file coords_24.csv (CSV, C-alpha atoms and all ligand atoms)
chain,number,residue,atom,x,y,z
Q,1,MET,CA,-7.5,-36.8,-14.7
Q,2,THR,CA,-4.5,-37.0,-12.3
Q,3,GLN,CA,-1.0,-35.7,-12.5
Q,4,ARG,CA,2.2,-35.8,-10.4
Q,5,VAL,CA,3.2,-32.6,-8.5
Q,6,ASP,CA,6.6,-32.3,-10.4
Q,7,ALA,CA,5.0,-32.6,-13.8
Q,8,THR,CA,2.2,-30.2,-12.9
Q,9,LEU,CA,4.7,-27.6,-11.7
Q,10,ARG,CA,7.0,-28.0,-14.8
Q,11,ALA,CA,4.1,-27.4,-17.1
Q,12,ALA,CA,2.8,-24.5,-15.2
Q,13,ILE,CA,6.2,-22.8,-15.0
Q,14,ALA,CA,6.5,-23.1,-18.8
Q,15,ARG,CA,3.1,-21.5,-19.3
Q,16,LEU,CA,3.8,-18.6,-16.9
Q,17,ASP,CA,7.2,-18.1,-18.5
Q,18,ALA,CA,5.7,-18.0,-22.0
Q,19,ALA,CA,3.2,-15.4,-20.7
Q,20,ARG,CA,6.1,-13.4,-19.3
Q,21,VAL,CA,4.8,-13.5,-15.7
Q,22,ASP,CA,7.4,-12.5,-13.1
Q,23,ALA,CA,9.0,-15.2,-11.0
Q,24,PRO,CA,7.2,-18.2,-12.7
Q,25,ALA,CA,8.6,-20.9,-10.4
Q,26,ALA,CA,7.7,-19.1,-7.2
Q,27,THR,CA,4.3,-18.2,-8.6
Q,28,ALA,CA,3.5,-21.8,-9.7
Q,29,ARG,CA,4.5,-23.2,-6.3
Q,30,ARG,CA,2.5,-20.6,-4.4
Q,31,LEU,CA,-0.6,-21.3,-6.5
Q,32,LEU,CA,-0.3,-25.1,-6.3
Q,33,SER,CA,0.2,-24.9,-2.6
Q,34,VAL,CA,-3.1,-23.0,-2.3
Q,35,ALA,CA,-4.9,-25.4,-4.7
Q,36,ALA,CA,-3.5,-28.5,-2.9
Q,37,GLY,CA,-3.8,-27.1,0.6
Q,38,GLN,CA,-0.2,-28.0,1.3
Q,39,PRO,CA,2.8,-25.9,2.3
Q,40,ARG,CA,5.2,-25.0,-0.5
Q,41,GLU,CA,8.0,-27.1,1.2
Q,42,TRP,CA,5.7,-30.1,1.0
Q,43,LEU,CA,5.4,-29.7,-2.7
Q,44,VAL,CA,9.1,-29.5,-3.2
Q,45,ALA,CA,9.6,-32.7,-1.1
Q,46,HIS,CA,6.8,-34.6,-2.7
Q,47,GLY,CA,7.3,-34.3,-6.5
Q,48,GLU,CA,6.1,-37.9,-7.0
Q,49,HIS,CA,2.7,-37.3,-5.2
Q,50,VAL,CA,-0.2,-37.7,-7.6
Q,51,LEU,CA,-2.7,-34.7,-7.5
Q,52,ASP,CA,-6.4,-35.5,-7.8
Q,53,ALA,CA,-8.7,-34.0,-10.4
Q,54,ALA,CA,-10.3,-31.4,-8.1
Q,55,THR,CA,-6.9,-30.0,-7.1
Q,56,LEU,CA,-5.8,-29.8,-10.8
Q,57,VAL,CA,-9.0,-28.0,-11.8
Q,58,ALA,CA,-8.6,-25.5,-8.9
Q,59,PHE,CA,-5.0,-25.0,-9.8
Q,60,ASP,CA,-5.8,-24.4,-13.5
Q,61,GLY,CA,-8.3,-21.6,-12.5
Q,62,LEU,CA,-5.6,-19.9,-10.4
Q,63,LEU,CA,-3.0,-20.3,-13.1
Q,64,ALA,CA,-5.3,-18.8,-15.7
Q,65,ARG,CA,-5.6,-15.7,-13.6
Q,66,ALA,CA,-1.8,-15.4,-13.2
Q,67,ILE,CA,-1.3,-15.9,-16.9
Q,68,ALA,CA,-3.8,-13.0,-17.4
Q,69,HIS,CA,-1.4,-10.9,-15.3
Q,70,GLU,CA,-3.7,-10.6,-12.3
Q,71,PRO,CA,-1.5,-9.7,-9.4
Q,72,LEU,CA,-0.7,-12.5,-7.0
Q,73,ALA,CA,-2.1,-10.6,-4.0
Q,74,TYR,CA,-5.5,-10.3,-5.7
Q,75,ILE,CA,-5.5,-14.0,-6.7
Q,76,LEU,CA,-4.6,-15.0,-3.1
Q,77,GLY,CA,-6.8,-12.4,-1.6
Q,78,GLU,CA,-4.2,-11.4,0.9
Q,79,ARG,CA,-0.9,-9.6,1.5
Q,80,ALA,CA,1.4,-9.5,4.5
Q,81,PHE,CA,2.3,-6.0,5.8
Q,82,ARG,CA,4.6,-5.7,8.8
Q,83,ASN,CA,3.5,-8.5,11.2
Q,84,PHE,CA,-0.1,-8.8,10.0
Q,85,THR,CA,-2.0,-10.0,6.9
Q,86,LEU,CA,-4.4,-7.8,5.1
Q,87,LYS,CA,-7.4,-8.9,3.1
Q,88,ILE,CA,-6.7,-7.6,-0.4
Q,89,ASP,CA,-8.9,-7.3,-3.5
Q,90,PRO,CA,-9.1,-4.9,-6.5
Q,91,ARG,CA,-11.0,-2.3,-4.4
Q,92,ALA,CA,-7.6,-1.0,-3.2
Q,93,LEU,CA,-4.0,-0.8,-4.1
Q,94,ILE,CA,-1.8,-3.7,-3.0
Q,95,PRO,CA,0.3,-2.3,-0.1
Q,96,ARG,CA,4.0,-2.2,-1.0
Q,97,PRO,CA,6.8,-3.0,1.5
Q,98,GLU,CA,8.3,0.5,1.0
Q,99,THR,CA,5.3,1.9,2.8
Q,100,GLU,CA,6.7,0.4,6.0
Q,101,LEU,CA,9.2,3.3,6.0
Q,102,LEU,CA,6.3,5.8,6.2
Q,103,VAL,CA,5.0,3.9,9.2
Q,104,ASP,CA,8.4,3.7,11.0
Q,105,LEU,CA,8.8,7.5,10.6
Q,106,ALA,CA,5.3,8.2,11.9
Q,107,LEU,CA,5.8,5.9,14.9
Q,108,ALA,CA,9.0,7.8,15.8
Q,109,ALA,CA,7.2,11.1,15.5
Q,110,LEU,CA,4.2,9.8,17.6
Q,111,ALA,CA,6.5,8.8,20.4
Q,112,ASP,CA,7.0,12.5,21.1
Q,113,GLU,CA,3.2,13.2,21.2
Q,114,PRO,CA,0.8,13.0,24.2
Q,115,THR,CA,-1.7,10.1,24.6
Q,116,GLY,CA,-4.7,10.6,22.3
Q,117,ALA,CA,-2.8,12.7,19.8
Q,118,PRO,CA,-4.5,12.4,16.4
Q,119,VAL,CA,-2.6,10.9,13.4
Q,120,ILE,CA,-4.2,11.0,10.0
Q,121,ASP,CA,-3.5,8.6,7.1
Q,122,VAL,CA,-4.5,10.4,4.0
Q,123,GLY,CA,-5.4,8.0,1.1
Q,124,THR,CA,-5.5,4.9,3.3
Q,125,GLY,CA,-6.2,2.3,0.6
Q,126,SER,CA,-6.4,-1.1,2.2
Q,127,GLY,CA,-5.7,0.5,5.5
Q,128,ALA,CA,-2.1,-0.8,5.7
Q,129,ALA,CA,-0.4,2.2,7.3
Q,130,ALA,CA,-3.3,3.2,9.5
Q,131,ILE,CA,-3.7,-0.3,10.9
Q,132,ALA,CA,0.0,-0.5,11.6
Q,133,LEU,CA,-0.1,2.8,13.4
Q,134,ALA,CA,-3.2,1.8,15.5
Q,135,LEU,CA,-1.6,-1.5,16.5
Q,136,GLU,CA,1.9,-0.2,17.1
Q,137,ALA,CA,1.0,3.2,18.6
Q,138,PRO,CA,-2.0,2.3,20.7
Q,139,ARG,CA,-1.8,5.7,22.6
Q,140,ALA,CA,-2.5,7.5,19.3
Q,141,ASN,CA,-5.9,8.4,17.9
Q,142,VAL,CA,-5.8,7.1,14.3
Q,143,ILE,CA,-8.0,8.6,11.6
Q,144,ALA,CA,-7.9,7.4,8.0
Q,145,CYS,CA,-9.5,8.9,4.9
Q,146,ASP,CA,-9.8,8.1,1.3
Q,147,ILE,CA,-11.8,9.4,-1.7
Q,148,SER,CA,-12.6,5.8,-2.7
Q,149,HIS,CA,-15.7,4.3,-1.0
Q,150,ASP,CA,-14.4,0.9,-2.2
Q,151,ALA,CA,-11.0,1.3,-0.5
Q,152,LEU,CA,-12.6,2.6,2.7
Q,153,ALA,CA,-14.9,-0.4,2.9
Q,154,LEU,CA,-11.9,-2.8,2.5
Q,155,ALA,CA,-9.9,-0.8,5.0
Q,156,ALA,CA,-12.7,-0.9,7.5
Q,157,GLU,CA,-13.0,-4.7,7.1
Q,158,ASN,CA,-9.3,-5.1,7.7
Q,159,ALA,CA,-9.3,-2.9,10.7
Q,160,ALA,CA,-12.2,-4.8,12.3
Q,161,ARG,CA,-10.6,-8.2,11.6
Q,162,LEU,CA,-7.3,-7.0,13.1
Q,163,ASN,CA,-8.9,-5.1,16.1
Q,164,ALA,CA,-7.3,-1.9,15.0
Q,165,PRO,CA,-9.3,1.1,16.4
Q,166,ILE,CA,-9.5,3.6,13.5
Q,167,ARG,CA,-12.0,6.2,12.5
Q,168,PHE,CA,-12.6,6.2,8.8
Q,169,VAL,CA,-13.7,9.3,6.9
Q,170,HIS,CA,-14.7,9.6,3.2
Q,171,SER,CA,-12.9,12.6,2.1
Q,172,ASP,CA,-11.2,14.4,-0.8
Q,173,LEU,CA,-7.8,14.7,0.9
Q,174,LEU,CA,-8.6,16.5,4.2
Q,175,SER,CA,-11.7,18.4,3.0
Q,176,SER,CA,-14.1,16.4,5.1
Q,177,VAL,CA,-11.7,15.6,8.0
Q,178,ASP,CA,-12.3,18.1,10.8
Q,179,ASP,CA,-9.6,16.9,13.1
Q,180,LEU,CA,-6.4,18.8,13.5
Q,181,ALA,CA,-3.4,16.5,13.8
Q,182,PRO,CA,0.2,16.9,14.8
Q,183,VAL,CA,1.2,13.9,12.7
Q,184,ILE,CA,0.1,13.2,9.1
Q,185,VAL,CA,1.1,10.5,6.7
Q,186,ALA,CA,0.2,10.1,3.1
Q,187,ASN,CA,1.0,7.7,0.4
Q,188,LEU,CA,-1.0,9.4,-2.4
Q,189,PRO,CA,-1.1,8.4,-6.1
Q,190,TYR,CA,2.2,9.5,-7.6
Q,191,VAL,CA,2.5,7.9,-11.0
Q,192,THR,CA,2.8,10.4,-13.8
Q,193,ARG,CA,0.3,10.2,-16.7
Q,194,GLU,CA,3.1,9.1,-19.0
Q,195,GLU,CA,4.4,6.4,-16.6
Q,196,ILE,CA,1.0,4.9,-16.2
Q,197,GLU,CA,1.1,3.8,-19.9
Q,198,GLY,CA,4.4,2.0,-19.3
Q,199,LEU,CA,3.4,0.2,-16.1
Q,200,PRO,CA,3.4,-3.6,-16.1
Q,201,PRO,CA,-0.1,-5.1,-16.9
Q,202,GLU,CA,-0.4,-6.4,-13.3
Q,203,ILE,CA,-0.6,-2.8,-12.1
Q,204,GLN,CA,-2.0,-0.9,-15.1
Q,205,ALA,CA,-4.9,-3.3,-15.8
Q,206,HIS,CA,-5.7,-4.4,-12.3
Q,207,GLU,CA,-5.0,-1.8,-9.6
Q,208,PRO,CA,-7.4,1.1,-9.2
Q,209,ARG,CA,-6.5,4.1,-11.4
Q,210,VAL,CA,-7.5,6.4,-8.6
Q,211,ALA,CA,-4.7,4.9,-6.5
Q,212,LEU,CA,-2.1,5.5,-9.2
Q,213,ASP,CA,-2.8,8.7,-11.2
Q,214,GLY,CA,-0.8,11.6,-9.8
Q,215,GLY,CA,-1.4,13.9,-12.7
Q,216,LEU,CA,1.0,15.3,-15.3
Q,217,ASP,CA,4.1,15.2,-13.0
Q,218,GLY,CA,2.8,12.8,-10.4
Q,219,LEU,CA,2.6,15.5,-7.7
Q,220,ASP,CA,-0.9,16.9,-8.2
Q,221,LEU,CA,-2.2,15.3,-5.0
Q,222,VAL,CA,0.8,16.3,-2.9
Q,223,ARG,CA,0.5,19.9,-4.0
Q,224,ARG,CA,-3.2,20.0,-3.1
Q,225,LEU,CA,-2.5,18.3,0.3
Q,226,LEU,CA,0.2,20.9,1.1
Q,227,ASP,CA,-2.2,23.7,0.2
Q,228,GLN,CA,-4.8,22.3,2.6
Q,229,LEU,CA,-2.2,21.9,5.3
Q,230,ARG,CA,-1.3,25.6,5.0
Q,231,ALA,CA,-4.7,26.6,6.4
Q,232,PRO,CA,-3.7,28.4,9.6
Q,233,ALA,CA,-5.3,26.0,12.1
Q,234,ARG,CA,-3.9,22.9,10.4
Q,235,ARG,CA,-0.5,24.4,10.1
Q,236,ALA,CA,-0.4,25.5,13.7
Q,237,ALA,CA,-1.3,21.9,14.9
Q,238,LEU,CA,1.2,20.2,12.5
Q,239,ARG,CA,4.5,18.8,13.9
Q,240,ALA,CA,5.4,16.1,11.5
Q,241,LEU,CA,4.3,15.3,7.9
Q,242,PHE,CA,5.5,12.2,6.0
Q,243,LEU,CA,4.8,11.9,2.2
Q,244,GLU,CA,5.6,8.8,0.3
Q,245,VAL,CA,6.9,9.6,-3.2
Q,246,GLY,CA,8.1,7.9,-6.4
Q,247,ALA,CA,11.9,7.3,-6.5
Q,248,SER,CA,12.4,10.2,-8.9
Q,249,GLN,CA,10.3,12.7,-7.0
Q,250,GLY,CA,12.4,13.2,-3.9
Q,251,PRO,CA,14.0,16.6,-4.6
Q,252,ALA,CA,10.8,18.1,-6.3
Q,253,THR,CA,8.6,17.1,-3.4
Q,254,GLN,CA,11.2,18.3,-0.9
Q,255,ALA,CA,11.2,21.7,-2.7
Q,256,LEU,CA,7.4,21.9,-2.7
Q,257,ALA,CA,7.3,21.1,1.1
Q,258,ALA,CA,10.1,23.6,1.8
Q,259,ARG,CA,8.2,26.3,-0.1
Q,260,ALA,CA,4.9,25.5,1.6
Q,261,PHE,CA,6.5,25.4,5.1
Q,262,PRO,CA,9.7,27.5,5.2
Q,263,GLU,CA,9.6,27.3,9.0
Q,264,ALA,CA,10.0,23.5,8.9
Q,265,THR,CA,12.8,21.1,7.9
Q,266,ALA,CA,12.1,18.9,4.9
Q,267,THR,CA,14.3,15.7,4.6
Q,268,ILE,CA,14.5,13.0,2.0
Q,269,HIS,CA,14.4,9.5,3.5
Q,270,LYS,CA,15.6,6.5,1.4
Q,271,ASP,CA,14.0,3.1,1.3
Q,272,LEU,CA,15.9,-0.2,1.8
Q,273,ALA,CA,16.8,-0.2,-2.0
Q,274,GLY,CA,18.5,3.2,-1.5
Q,275,LEU,CA,15.9,5.1,-3.4
Q,276,ASP,CA,14.2,8.3,-2.3
Q,277,ARG,CA,10.9,7.3,-0.8
Q,278,VAL,CA,9.6,9.5,1.9
Q,279,ILE,CA,9.8,13.3,2.4
Q,280,GLY,CA,9.7,14.0,6.2
Q,281,VAL,CA,8.7,17.6,7.2
Q,282,ARG,CA,9.4,18.4,10.8
Q,283,PHE,CA,8.3,21.5,12.6
Q,284,ASN,CA,10.3,22.6,15.6
Q,285,ARG,CA,7.7,24.1,17.8
Q,286,PRO,CA,8.1,25.0,21.4
Q,287,GLU,CA,6.4,22.4,23.6
K,301,LIG,C1,-1.0,4.9,-3.8
K,301,LIG,S1,-2.5,4.5,-3.0
K,301,LIG,C2,-1.9,4.1,-1.4
K,301,LIG,C3,-2.8,3.4,-0.5
K,301,LIG,C4,-2.3,3.1,0.9
K,301,LIG,N1,-2.0,4.3,1.6
K,301,LIG,C5,-1.1,2.2,0.8
K,301,LIG,O1,0.0,2.7,1.1
K,301,LIG,O2,-1.2,1.0,0.4
K,301,LIG,C6,-3.3,6.0,-2.9
K,301,LIG,C7,-4.6,6.1,-2.2
K,301,LIG,O3,-5.1,7.5,-2.2
K,301,LIG,C8,-6.5,7.5,-2.5
K,301,LIG,N2,-6.8,8.8,-3.1
K,301,LIG,C9,-6.6,9.2,-4.4
K,301,LIG,N3,-7.0,10.5,-4.5
K,301,LIG,C10,-7.5,10.9,-3.3
K,301,LIG,C11,-8.0,12.1,-2.8
K,301,LIG,N4,-8.2,13.2,-3.6
K,301,LIG,N5,-8.4,12.2,-1.5
K,301,LIG,C12,-8.2,11.1,-0.7
K,301,LIG,N6,-7.7,9.9,-1.1
K,301,LIG,C13,-7.3,9.8,-2.4
K,301,LIG,C14,-6.7,6.3,-3.5
K,301,LIG,O4,-8.0,5.9,-3.5
K,301,LIG,C15,-5.7,5.3,-2.9
K,301,LIG,O5,-6.4,4.5,-1.9
call {"tool": "encode", "arguments": {"input": "coords_24.csv", "output": "structure tokens"}}
result
Amino acid sequence: MTQRVDATLRAAIARLDAARVDAPAATARRLLSVAAGQPREWLVAHGEHVLDAATLVAFDGLLARAIAHEPLAYILGERAFRNFTLKIDPRALIPRPETELLVDLALAALADEPTGAPVIDVGTGSGAAAIALALEAPRANVIACDISHDALALAAENAARLNAPIRFVHSDLLSSVDDLAPVIVANLPYVTREEIEGLPPEIQAHEPRVALDGGLDGLDLVRRLLDQLRAPARRAALRALFLEVGASQGPATQALAARAFPEATATIHKDLAGLDRVIGVRFNRPE
């Protein structure tokens, strides 16, 4: 069995389209480029090239997973984040580009902190934000925690491969983290129970539920984290807190933060799409 590149792509795009997979043409080209071991541009320029049977079998396997709505990052086993590539698998949520805003805000806050200042990434998942912080703020002391052993194992593999010095702690929010940190970031589950049912199959059936479920209004974890941070020693140490939220949760989260910390300023930061994405809580403490 052999088939030309152009005919293979045409047939694959039709099948992906029929299965209502997003971006069928881009997905087909990406998967065929993996199966054929050739860059995507090569495929576009070599439509007449005849693919061998082994390539076609490998491609069919990848295509079947995409048609079953498995996310592309899980099929490929990787996802780019900032300037590095993370190993990705169903043990953790696929990092989203919006989370780079959380990293940018934390980096700016860390620039004001002394060498060795701790920064904690609560609910680290694949380790995306923690690794970015460790690589881009090498003066900081990065701690990352998660309630999922699976996610922590993946994050530790990623950190080791990327030479990012991070201490990982298995913890329900901050319960088992003893460090007091001036800077804390958290992209916790924020999908409401109702929204989970309406999520695309790529997310609902494949990404870990523990990474998505934020309770009735999506803010259960944020409320609990704010409560933990109000403990006197944690509160006294805290200078900047950044919480990633769903696009509709900006004002509600800002209000929760303002109520928990009336002495601080809570600001809504928008992502590149102009949507509410991160609540920044800054404490103006004397040096
Ligand atoms: C939305 S995912 C974000 C993952 C990662 N921070 C990112 O941006 O890609 C939320 C993460 O929080 C973790 N998580 C959920 N409940 C938690 C809890 N009670 N304590 C610590 N981590 C928790 C999940 O396991 C998951 O890895």
call {"tool": "residues_near_ligand", "arguments": {"input": "coords_24.csv", "ligand": "ligand LIG 301 (chain K)", "cutoff": "7 Å", "atoms": "only C-alpha atoms and all ligand atoms", "output": "PyMOL selection string"}}
result
chain Q and resi 92-96+99+122-129+145-148+151+171-173+186-190+210-212+221
call {"tool": "write_last_selection", "arguments": {"input": "coords_24.csv", "atoms": "C-alpha atoms", "output": "PDB file, in the frame of the given file"}}
result
ATOM      1  CA  ALA Q  92      -7.600  -1.000  -3.200  1.00  0.00           C
ATOM      2  CA  LEU Q  93      -4.000  -0.800  -4.100  1.00  0.00           C
ATOM      3  CA  ILE Q  94      -1.800  -3.700  -3.000  1.00  0.00           C
ATOM      4  CA  PRO Q  95       0.300  -2.300  -0.100  1.00  0.00           C
ATOM      5  CA  ARG Q  96       4.000  -2.200  -1.000  1.00  0.00           C
ATOM      6  CA  THR Q  99       5.300   1.900   2.800  1.00  0.00           C
ATOM      7  CA  VAL Q 122      -4.500  10.400   4.000  1.00  0.00           C
ATOM      8  CA  GLY Q 123      -5.400   8.000   1.100  1.00  0.00           C
ATOM      9  CA  THR Q 124      -5.500   4.900   3.300  1.00  0.00           C
ATOM     10  CA  GLY Q 125      -6.200   2.300   0.600  1.00  0.00           C
ATOM     11  CA  SER Q 126      -6.400  -1.100   2.200  1.00  0.00           C
ATOM     12  CA  GLY Q 127      -5.700   0.500   5.500  1.00  0.00           C
ATOM     13  CA  ALA Q 128      -2.100  -0.800   5.700  1.00  0.00           C
ATOM     14  CA  ALA Q 129      -0.400   2.200   7.300  1.00  0.00           C
ATOM     15  CA  CYS Q 145      -9.500   8.900   4.900  1.00  0.00           C
ATOM     16  CA  ASP Q 146      -9.800   8.100   1.300  1.00  0.00           C
ATOM     17  CA  ILE Q 147     -11.800   9.400  -1.700  1.00  0.00           C
ATOM     18  CA  SER Q 148     -12.600   5.800  -2.700  1.00  0.00           C
ATOM     19  CA  ALA Q 151     -11.000   1.300  -0.500  1.00  0.00           C
ATOM     20  CA  SER Q 171     -12.900  12.600   2.100  1.00  0.00           C
ATOM     21  CA  ASP Q 172     -11.200  14.400  -0.800  1.00  0.00           C
ATOM     22  CA  LEU Q 173      -7.800  14.700   0.900  1.00  0.00           C
ATOM     23  CA  ALA Q 186       0.200  10.100   3.100  1.00  0.00           C
ATOM     24  CA  ASN Q 187       1.000   7.700   0.400  1.00  0.00           C
ATOM     25  CA  LEU Q 188      -1.000   9.400  -2.400  1.00  0.00           C
ATOM     26  CA  PRO Q 189      -1.100   8.400  -6.100  1.00  0.00           C
ATOM     27  CA  TYR Q 190       2.200   9.500  -7.600  1.00  0.00           C
ATOM     28  CA  VAL Q 210      -7.500   6.400  -8.600  1.00  0.00           C
ATOM     29  CA  ALA Q 211      -4.700   4.900  -6.500  1.00  0.00           C
ATOM     30  CA  LEU Q 212      -2.100   5.500  -9.200  1.00  0.00           C
ATOM     31  CA  LEU Q 221      -2.200  15.300  -5.000  1.00  0.00           C
TER      32      LEU Q 221
END
call {"tool": "residues_near_point", "arguments": {"input": "coords_24.csv", "point": "(-3.2, 18.5, 9.3)", "cutoff": "8 Å", "atoms": "all atoms listed in the file", "output": "JSON, numbers by chain"}}
result
{"Q": [120, 174, 179, 180, 181, 182, 183, 184, 228, 229, 234, 235, 237, 238]}
call {"tool": "residues_near_point", "arguments": {"input": "coords_24.csv", "point": "(4.2, -29.6, -7.4)", "cutoff": "6 Å", "atoms": "only C-alpha atoms", "output": "PDB file with C-alpha atoms, in the frame of the given file"}}
result
ATOM      1  CA  VAL Q   5       3.200 -32.600  -8.500  1.00  0.00           C
ATOM      2  CA  ASP Q   6       6.600 -32.300 -10.400  1.00  0.00           C
ATOM      3  CA  THR Q   8       2.200 -30.200 -12.900  1.00  0.00           C
ATOM      4  CA  LEU Q   9       4.700 -27.600 -11.700  1.00  0.00           C
ATOM      5  CA  LEU Q  43       5.400 -29.700  -2.700  1.00  0.00           C
ATOM      6  CA  GLY Q  47       7.300 -34.300  -6.500  1.00  0.00           C
TER       7      GLY Q  47
END
call {"tool": "closest_residue", "arguments": {"input": "coords_24.csv", "among": "Q:Gly198, Q:Asn158, Q:Ile75, Q:Asp178", "to": "Ala233 in chain Q", "atoms": "only C-alpha atoms"}}
result
Q:Asp178
call {"tool": "closest_atom_pairs", "arguments": {"input": "coords_24.csv", "of": "range 96-172 of chain Q", "to": "range 258-275 of chain Q", "cutoff": "10 Å", "atoms": "all atoms listed in the file", "output": "tab-separated table"}}
result
residue	atom	partner	partner_atom	distance
Q:Pro97	CA	Q:Asp271	CA	9.4
Q:Glu98	CA	Q:Asp271	CA	6.3
Q:Thr99	CA	Q:Asp271	CA	8.9
Q:Glu100	CA	Q:Asp271	CA	9.1
Q:Leu101	CA	Q:Asp271	CA	6.7
Q:Leu102	CA	Q:His269	CA	9.3
Q:Leu105	CA	Q:His269	CA	9.3
call {"tool": "residues_around", "arguments": {"input": "coords_24.csv", "residues": "Leu162 in chain Q", "least_positions_apart": "6", "cutoff": "12 Å", "atoms": "only C-alpha atoms", "output": "list in words"}}
result
Asn83, Phe84, Thr85, Leu86, Lys87, Gly127, Ala128, Ala130, Ile131, Ala132, Ala134, Leu135, Ala155 and Ala156 of chain Q
call {"tool": "decode", "arguments": {"input": "coords_24.csv", "residues": "range 89-105 of chain Q", "atoms": "N, CA and C atoms", "output": "tab-separated table (two decimals), in the first residue's frame"}}
result
chain	number	residue	atom	x	y	z
Q	89	ASP	N	1.53	14.82	28.73
Q	89	ASP	CA	0.71	13.61	28.61
Q	89	ASP	C	-0.49	13.75	29.53
Q	90	PRO	N	-1.42	12.80	29.49
Q	90	PRO	CA	-2.69	12.99	30.23
Q	90	PRO	C	-2.54	13.04	31.75
Q	91	ARG	N	-1.32	12.95	32.27
Q	91	ARG	CA	-1.15	13.12	33.72
Q	91	ARG	C	-1.41	14.56	34.15
Q	92	ALA	N	-1.33	15.51	33.21
Q	92	ALA	CA	-1.51	16.93	33.61
Q	92	ALA	C	-2.24	17.71	32.52
Q	93	LEU	N	-2.78	18.83	32.94
Q	93	LEU	CA	-3.43	19.75	31.99
Q	93	LEU	C	-2.42	20.22	30.95
Q	94	ILE	N	-2.90	20.44	29.73
Q	94	ILE	CA	-2.04	21.01	28.69
Q	94	ILE	C	-1.90	22.50	28.98
Q	95	PRO	N	-0.67	23.00	29.12
Q	95	PRO	CA	-0.53	24.43	29.45
Q	95	PRO	C	-1.08	25.30	28.34
Q	96	ARG	N	-1.76	26.39	28.72
Q	96	ARG	CA	-2.36	27.29	27.75
Q	96	ARG	C	-1.48	28.55	27.63
Q	97	PRO	N	-1.50	29.16	26.42
Q	97	PRO	CA	-0.66	30.36	26.24
Q	97	PRO	C	-1.03	31.49	27.21
Q	98	GLU	N	-2.31	31.57	27.63
Q	98	GLU	CA	-2.73	32.66	28.54
Q	98	GLU	C	-1.91	32.66	29.82
Q	99	THR	N	-1.41	31.48	30.22
Q	99	THR	CA	-0.68	31.37	31.49
Q	99	THR	C	0.65	32.11	31.44
Q	100	GLU	N	1.08	32.48	30.23
Q	100	GLU	CA	2.32	33.27	30.14
Q	100	GLU	C	2.14	34.63	30.83
Q	101	LEU	N	0.90	35.14	30.87
Q	101	LEU	CA	0.65	36.41	31.56
Q	101	LEU	C	0.95	36.27	33.05
Q	102	LEU	N	0.56	35.14	33.62
Q	102	LEU	CA	0.83	34.86	35.04
Q	102	LEU	C	2.34	34.90	35.29
Q	103	VAL	N	3.08	34.30	34.37
Q	103	VAL	CA	4.55	34.26	34.49
Q	103	VAL	C	5.12	35.68	34.38
Q	104	ASP	N	4.65	36.44	33.39
Q	104	ASP	CA	5.19	37.80	33.20
Q	104	ASP	C	4.97	38.65	34.45
Q	105	LEU	N	3.77	38.54	35.03
Q	105	LEU	CA	3.47	39.35	36.22
Q	105	LEU	C	4.35	38.92	37.40
